[in-house]
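Structure record follows, encoded as structure tokens.
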Amino acid sequence: MNKEQLLYRSTRSDSEKITSAQAIARGIATDGGLYVPENIPALNMPLCRLAGTDYRELAYNILSQFFTDYAEDELRSCIKKAYDEKFDTPLIAPVVKVGDVFFLELFHGATCAFKDMALSLLPHILTLAAEKSGNNGQIVILTATSGDTGKAALESFSNVPSTKIIVFYPSKGVSLVQERQMTTQEGANTFVCAIEGNFDDAQTGVKNIFNNLEFNKKLAEHNMMFSSANSINIGRLLPQSVY
């Protein structure tokens, strides 16, 4: 049965309504707002049944309600590629009991950071989103980080075809381990840049680049477009909601 398509609009305007693929590919709205769904869909499965599914099936049941322009086989394929042997446990995010306390473990991904949970999926849904949106050029990912996001994003996008990723971090605002993780990242399409200032300065700088229409026009002339791996991108935010 076909689901009704869920459209997305900017938090700053409702004049333009676009598909989830278009929102993911763009990363941020042209007016500087964030893309959000017109409404929050109700899950089509009771909580007791969701609790009994594995992580991949849980991800599909949730994300299929939001990414309605992705066919079932497309979304399942993205999820399967994301949550594979990169994780050191087949449960992906196991719940472990210690005494009378239950812990959700989110450190089993490639970089041991919880950011792996969403960023493992983003490259797959983003490259497919660009294809669905008619963009056959290169996607340039701009990302600001205070530590964990940078390495996880670099690792996830490393050598992904038709993408480049540039991570900006505060030169004195990350740990030495995090800095070395980023600056030693392998991948012909990965780039790292230290800035003066803090994380907010890095994030503001990234948003200013996104909103520079003249710069974006020049980028388009070279068959390239900007997108984001930060949580300003709905394609990063919604996969985080799964866990």
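Labels used: A, B, ... for chains in the order of the structure tokens, numbers from 1 for residues in each chain, and numbers from 1 for ligands as shown.
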Name all residues at most 9 Å from Ala93 in chain A (count only C-alpha atoms; drop same-chain ones fewer than 4 positions away) and give them as an mmCIF file with N, CA and C atoms, in the first residue's frame.
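Result went into part-v7.cif, see below:
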```cif
data_model
loop_
_atom_site.group_PDB
_atom_site.id
_atom_site.type_symbol
_atom_site.label_atom_id
_atom_site.label_comp_id
_atom_site.auth_asym_id
_atom_site.auth_seq_id
_atom_site.Cartn_x
_atom_site.Cartn_y
_atom_site.Cartn_z
ATOM 1 N N TYR A 55 17.825 -3.872 15.208
ATOM 2 C CA TYR A 55 18.060 -2.450 14.962
ATOM 3 C C TYR A 55 17.744 -2.066 13.517
ATOM 4 N N THR A 89 29.225 -5.624 16.979
ATOM 5 C CA THR A 89 28.192 -6.499 17.517
ATOM 6 C C THR A 89 27.022 -6.535 16.542
ATOM 7 N N LEU A 104 22.040 1.540 27.217
ATOM 8 C CA LEU A 104 22.023 1.410 25.763
ATOM 9 C C LEU A 104 23.425 1.744 25.261
ATOM 10 N N GLU A 105 24.112 0.773 24.693
ATOM 11 C CA GLU A 105 25.491 0.974 24.259
ATOM 12 C C GLU A 105 25.521 1.476 22.818
ATOM 13 N N LEU A 106 26.108 2.650 22.630
ATOM 14 C CA LEU A 106 26.148 3.287 21.315
ATOM 15 C C LEU A 106 27.582 3.473 20.819
ATOM 16 N N PHE A 107 28.495 2.646 21.323
ATOM 17 C CA PHE A 107 29.909 2.833 20.999
ATOM 18 C C PHE A 107 30.490 1.685 20.166
ATOM 19 N N HIS A 108 29.642 0.943 19.494
ATOM 20 C CA HIS A 108 30.126 -0.236 18.774
ATOM 21 C C HIS A 108 30.434 0.030 17.302
ATOM 22 N N MET A 117 26.192 6.120 14.883
ATOM 23 C CA MET A 117 24.855 5.558 14.693
ATOM 24 C C MET A 117 24.130 6.208 13.513
ATOM 25 N N TYR A 243 17.609 5.322 17.714
ATOM 26 C CA TYR A 243 18.053 4.776 19.008
ATOM 27 C C TYR A 243 17.454 5.529 20.171
#
```
Compile the contact shell of Thr143 in chain A as a list in words: residues with an atom at most 7 Å away, counting only C-alpha atoms, same-chain residues fewer than 6 positions apart removed.
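With the cut-off at 7 Å, the set is Ile166, Val167, Phe168, Val206, Ser228, Ala229 and Asn230 of chain A.
Comparing A:Gly147, A:Pro161, A:Gly205, A:Gly197 by their smallest distance to Glu179 in chain A, the closest is A:Gly147 (using only C-alpha atoms).
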Give me the residues within 8 Å of Thr190 in chain A as an mmCIF file with C-alpha atoms, in the first residue's frame, counting only C-alpha atoms and dropping any in the same chain fewer than 2 places off.
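Heads up, here's the output in around25.cif:
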```cif
data_model
loop_
_atom_site.group_PDB
_atom_site.id
_atom_site.type_symbol
_atom_site.label_atom_id
_atom_site.label_comp_id
_atom_site.auth_asym_id
_atom_site.auth_seq_id
_atom_site.Cartn_x
_atom_site.Cartn_y
_atom_site.Cartn_z
ATOM 1 C CA LEU A 154 35.145 11.603 7.901
ATOM 2 C CA PHE A 157 32.242 9.517 3.867
ATOM 3 C CA SER A 158 35.805 8.322 3.230
ATOM 4 C CA ASN A 159 36.140 7.383 -0.459
ATOM 5 C CA LYS A 164 34.030 15.400 -0.741
ATOM 6 C CA ILE A 165 33.924 16.215 2.950
ATOM 7 C CA ILE A 166 35.508 19.173 4.737
ATOM 8 C CA GLN A 185 41.932 10.139 8.417
ATOM 9 C CA GLU A 186 42.487 8.192 5.226
ATOM 10 C CA GLY A 187 40.496 8.936 2.088
ATOM 11 C CA ALA A 188 41.176 10.926 -1.057
ATOM 12 C CA VAL A 192 40.185 18.868 7.758
#
```
Using only C-alpha atoms, which of the listed residues (A:Ile92, A:Gly99, A:Asn189, A:Ala29) sits closest to Ala59 in chain A?
A:Ile92
Could you give me the residues within range 118-213 of chain A that DSSP places in strand (DSSP E), as a ChimeraX atom specification?
/A:138-144,163-170,190-195
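For the choices A:Ser156, A:Ser133, A:Ser175, A:Ser64, the atom-to-atom distance to Ala25 in chain A is smallest for A:Ser133 when using only C-alpha atoms.
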Quick one: residues within 12 Å of Ser15 in chain A, only C-alpha atoms counted, chain neighbours fewer than 4 positions away excluded, as a short mmCIF file (atom, residue, chain, number, x, y, z; two decimals) with C-alpha atoms, in the first residue's frame?
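Contents of selection_16.cif, freshly written:
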```cif
data_model
loop_
_atom_site.label_atom_id
_atom_site.label_comp_id
_atom_site.auth_asym_id
_atom_site.auth_seq_id
_atom_site.Cartn_x
_atom_site.Cartn_y
_atom_site.Cartn_z
CA TYR A 8 9.29 19.19 4.21
CA ARG A 9 9.44 22.95 4.69
CA SER A 10 11.84 25.46 6.20
CA THR A 11 11.45 26.52 9.83
CA ALA A 29 17.09 25.65 3.43
CA THR A 30 18.00 28.49 1.10
CA ASP A 31 16.54 30.98 3.60
CA GLU A 38 4.99 19.17 7.68
#
```
Selection: 12 Å around Ser146 in chain A, only C-alpha atoms, excl. self and same-chain fewer than 3 positions, as an NGL selection string:
:A and (115 or 143 or 149-152 or 167-176 or 178-179 or 182 or 194-195 or 197-203 or 230)
Selection file, N, CA and C atoms, as an mmCIF file, in the first residue's frame:
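In the end it all went to part09.cif:
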```
data_model
loop_
_atom_site.group_PDB
_atom_site.id
_atom_site.type_symbol
_atom_site.label_atom_id
_atom_site.label_comp_id
_atom_site.auth_asym_id
_atom_site.auth_seq_id
_atom_site.Cartn_x
_atom_site.Cartn_y
_atom_site.Cartn_z
ATOM 1 N N LYS A 115 28.123 9.040 17.546
ATOM 2 C CA LYS A 115 27.816 9.699 16.277
ATOM 3 C C LYS A 115 27.828 8.711 15.105
ATOM 4 N N THR A 143 31.089 20.331 7.427
ATOM 5 C CA THR A 143 30.728 19.885 8.769
ATOM 6 C C THR A 143 31.546 20.622 9.817
ATOM 7 N N THR A 149 31.846 14.239 16.119
ATOM 8 C CA THR A 149 31.189 14.270 14.813
ATOM 9 C C THR A 149 32.207 14.268 13.685
ATOM 10 N N GLY A 150 33.292 15.004 13.851
ATOM 11 C CA GLY A 150 34.290 15.134 12.793
ATOM 12 C C GLY A 150 34.853 13.806 12.345
ATOM 13 N N LYS A 151 35.362 13.030 13.282
ATOM 14 C CA LYS A 151 35.946 11.737 12.928
ATOM 15 C C LYS A 151 34.894 10.787 12.374
ATOM 16 N N ALA A 152 33.724 10.745 13.000
ATOM 17 C CA ALA A 152 32.672 9.840 12.537
ATOM 18 C C ALA A 152 32.225 10.198 11.116
ATOM 19 N N VAL A 167 35.830 19.077 7.145
ATOM 20 C CA VAL A 167 35.461 19.212 8.551
ATOM 21 C C VAL A 167 36.215 20.387 9.162
ATOM 22 N N PHE A 168 35.483 21.282 9.804
ATOM 23 C CA PHE A 168 36.064 22.433 10.491
ATOM 24 C C PHE A 168 35.972 22.204 11.999
ATOM 25 N N TYR A 169 37.082 22.401 12.710
ATOM 26 C CA TYR A 169 37.066 22.214 14.164
ATOM 27 C C TYR A 169 37.861 23.328 14.845
ATOM 28 N N PRO A 170 37.500 23.699 16.074
ATOM 29 C CA PRO A 170 38.262 24.722 16.806
ATOM 30 C C PRO A 170 39.633 24.186 17.186
ATOM 31 N N SER A 171 40.663 24.925 16.829
ATOM 32 C CA SER A 171 42.035 24.430 16.989
ATOM 33 C C SER A 171 42.374 24.079 18.434
ATOM 34 N N LYS A 172 41.748 24.749 19.389
ATOM 35 C CA LYS A 172 42.029 24.458 20.797
ATOM 36 C C LYS A 172 40.778 23.961 21.516
ATOM 37 N N GLY A 173 39.834 23.431 20.726
ATOM 38 C CA GLY A 173 38.564 23.041 21.318
ATOM 39 C C GLY A 173 38.240 21.561 21.232
ATOM 40 N N VAL A 174 39.215 20.742 20.802
ATOM 41 C CA VAL A 174 39.017 19.290 20.772
ATOM 42 C C VAL A 174 40.190 18.639 21.496
ATOM 43 N N SER A 175 39.999 17.396 21.886
ATOM 44 C CA SER A 175 41.083 16.693 22.577
ATOM 45 C C SER A 175 42.173 16.318 21.580
ATOM 46 N N LEU A 176 43.346 16.010 22.085
ATOM 47 C CA LEU A 176 44.464 15.625 21.229
ATOM 48 C C LEU A 176 44.132 14.342 20.465
ATOM 49 N N GLN A 178 41.117 13.313 19.558
ATOM 50 C CA GLN A 178 40.153 13.642 18.508
ATOM 51 C C GLN A 178 40.831 14.339 17.332
ATOM 52 N N GLU A 179 41.742 15.253 17.635
ATOM 53 C CA GLU A 179 42.451 15.958 16.576
ATOM 54 C C GLU A 179 43.262 14.983 15.721
ATOM 55 N N MET A 182 41.131 12.917 13.398
ATOM 56 C CA MET A 182 40.686 13.634 12.204
ATOM 57 C C MET A 182 41.819 13.880 11.218
ATOM 58 N N ALA A 194 41.439 23.389 10.828
ATOM 59 C CA ALA A 194 41.333 23.957 12.168
ATOM 60 C C ALA A 194 41.058 25.451 12.055
ATOM 61 N N ILE A 195 40.161 25.964 12.903
ATOM 62 C CA ILE A 195 39.838 27.387 12.879
ATOM 63 C C ILE A 195 40.160 28.020 14.228
ATOM 64 N N GLY A 197 38.764 30.058 17.267
ATOM 65 C CA GLY A 197 37.430 30.243 17.830
ATOM 66 C C GLY A 197 36.923 28.952 18.433
ATOM 67 N N ASN A 198 35.609 28.902 18.700
ATOM 68 C CA ASN A 198 35.015 27.719 19.307
ATOM 69 C C ASN A 198 34.092 27.009 18.309
ATOM 70 N N PHE A 199 33.368 26.010 18.801
ATOM 71 C CA PHE A 199 32.487 25.247 17.909
ATOM 72 C C PHE A 199 31.410 26.135 17.294
ATOM 73 N N ASP A 200 30.838 27.043 18.085
ATOM 74 C CA ASP A 200 29.797 27.927 17.552
ATOM 75 C C ASP A 200 30.315 28.755 16.389
ATOM 76 N N ASP A 201 31.580 29.179 16.473
ATOM 77 C CA ASP A 201 32.179 29.928 15.375
ATOM 78 C C ASP A 201 32.292 29.058 14.127
ATOM 79 N N ALA A 202 32.679 27.798 14.330
ATOM 80 C CA ALA A 202 32.785 26.869 13.198
ATOM 81 C C ALA A 202 31.419 26.627 12.566
ATOM 82 N N GLN A 203 30.418 26.406 13.411
ATOM 83 C CA GLN A 203 29.061 26.152 12.913
ATOM 84 C C GLN A 203 28.509 27.371 12.183
ATOM 85 N N ASN A 230 26.082 17.661 9.661
ATOM 86 C CA ASN A 230 25.667 18.037 11.012
ATOM 87 C C ASN A 230 24.182 17.766 11.206
#
```
Using only C-alpha atoms, can you tell me which of A:Val160, A:Ala118, A:Leu34, A:Val95 comes closest to Ala51 in chain A?
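Counting only C-alpha atoms, the residue closest to Ala51 in chain A is A:Val95.
Relative to CA of Asp148 in chain A, CA of Cys193 in chain A is found at 15.0 Å.
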Tell me, as a PyMOL selection string, which residues lie within 10 Å of Ile125 in chain A, counting only C-alpha atoms; anything in the same chain fewer than 4 positions away does not count.
chain A and resi 21+24-25+67+70+74-75+77-79+82+120-121+129-131+235-236
Excluding Asn135 in chain A and residues on its chain fewer than 4 positions from it, collect all residues at most 12 Å away from it, counting only C-alpha atoms, and give them as a list in words.
Ala21, Gln22, Ala25, Arg26, Leu126, Thr127, Leu128, Ala129, Ala130, Glu131, Ile139, Ser162, Thr163, Ala220, Asn223, Met224, Met225 and Phe226 of chain A
Grab the residues selected above and save them as a compact mmCIF listing (two decimals), in the first residue's frame with N, CA and C atoms.
```
# COMPACT_ATOMS: atom_id res chain seq x y z
N ALA A 21 14.09 13.63 0.07
CA ALA A 21 15.35 13.51 -0.68
C ALA A 21 15.92 14.88 -1.00
N GLN A 22 15.07 15.81 -1.40
CA GLN A 22 15.53 17.17 -1.69
C GLN A 22 16.05 17.85 -0.43
N ALA A 25 19.46 16.28 0.46
CA ALA A 25 20.51 16.69 -0.47
C ALA A 25 20.96 18.12 -0.21
N ARG A 26 20.02 19.01 0.09
CA ARG A 26 20.36 20.41 0.32
C ARG A 26 21.00 20.63 1.69
N LEU A 126 22.15 10.07 1.52
CA LEU A 126 22.48 11.35 0.90
C LEU A 126 22.83 11.19 -0.57
N THR A 127 23.67 10.22 -0.91
CA THR A 127 24.03 10.03 -2.31
C THR A 127 22.81 9.60 -3.13
N LEU A 128 21.94 8.81 -2.52
CA LEU A 128 20.70 8.43 -3.20
C LEU A 128 19.77 9.62 -3.33
N ALA A 129 19.77 10.48 -2.30
CA ALA A 129 18.94 11.70 -2.35
C ALA A 129 19.37 12.61 -3.49
N ALA A 130 20.68 12.74 -3.67
CA ALA A 130 21.19 13.58 -4.76
C ALA A 130 20.76 13.03 -6.11
N GLU A 131 20.83 11.71 -6.24
CA GLU A 131 20.40 11.06 -7.48
C GLU A 131 18.91 11.28 -7.72
N ILE A 139 28.90 16.13 -4.39
CA ILE A 139 28.35 16.71 -3.18
C ILE A 139 29.51 17.07 -2.27
N SER A 162 31.60 10.42 -5.63
CA SER A 162 30.87 11.67 -5.91
C SER A 162 30.70 12.55 -4.69
N THR A 163 31.52 12.39 -3.66
CA THR A 163 31.46 13.25 -2.48
C THR A 163 32.84 13.74 -2.08
N ALA A 220 27.76 25.50 -8.41
CA ALA A 220 26.86 24.83 -9.35
C ALA A 220 27.42 24.86 -10.76
N ASN A 223 29.32 21.94 -11.41
CA ASN A 223 28.56 20.70 -11.20
C ASN A 223 28.80 20.13 -9.80
N MET A 224 28.76 21.03 -8.80
CA MET A 224 28.94 20.64 -7.40
C MET A 224 27.86 21.32 -6.56
N MET A 225 27.57 20.74 -5.39
CA MET A 225 26.61 21.34 -4.49
C MET A 225 27.03 21.07 -3.05
N PHE A 226 26.63 21.97 -2.14
CA PHE A 226 26.92 21.79 -0.73
C PHE A 226 25.84 20.95 -0.05
```
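CA of Ser20 in chain A is found 10.8 Å from CA of Gln65 in chain A.
For the pair CA of Asp100 in chain A and CA of Leu43 in chain A, the interatomic distance is 29.8 Å.
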Given only C-alpha atoms as the basis, pick out the residue of A:Leu63, A:Leu91, A:Leu50, A:Leu219 nearest to Gln138 in chain A.
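Among the listed residues, A:Leu219 lies closest to Gln138 in chain A.
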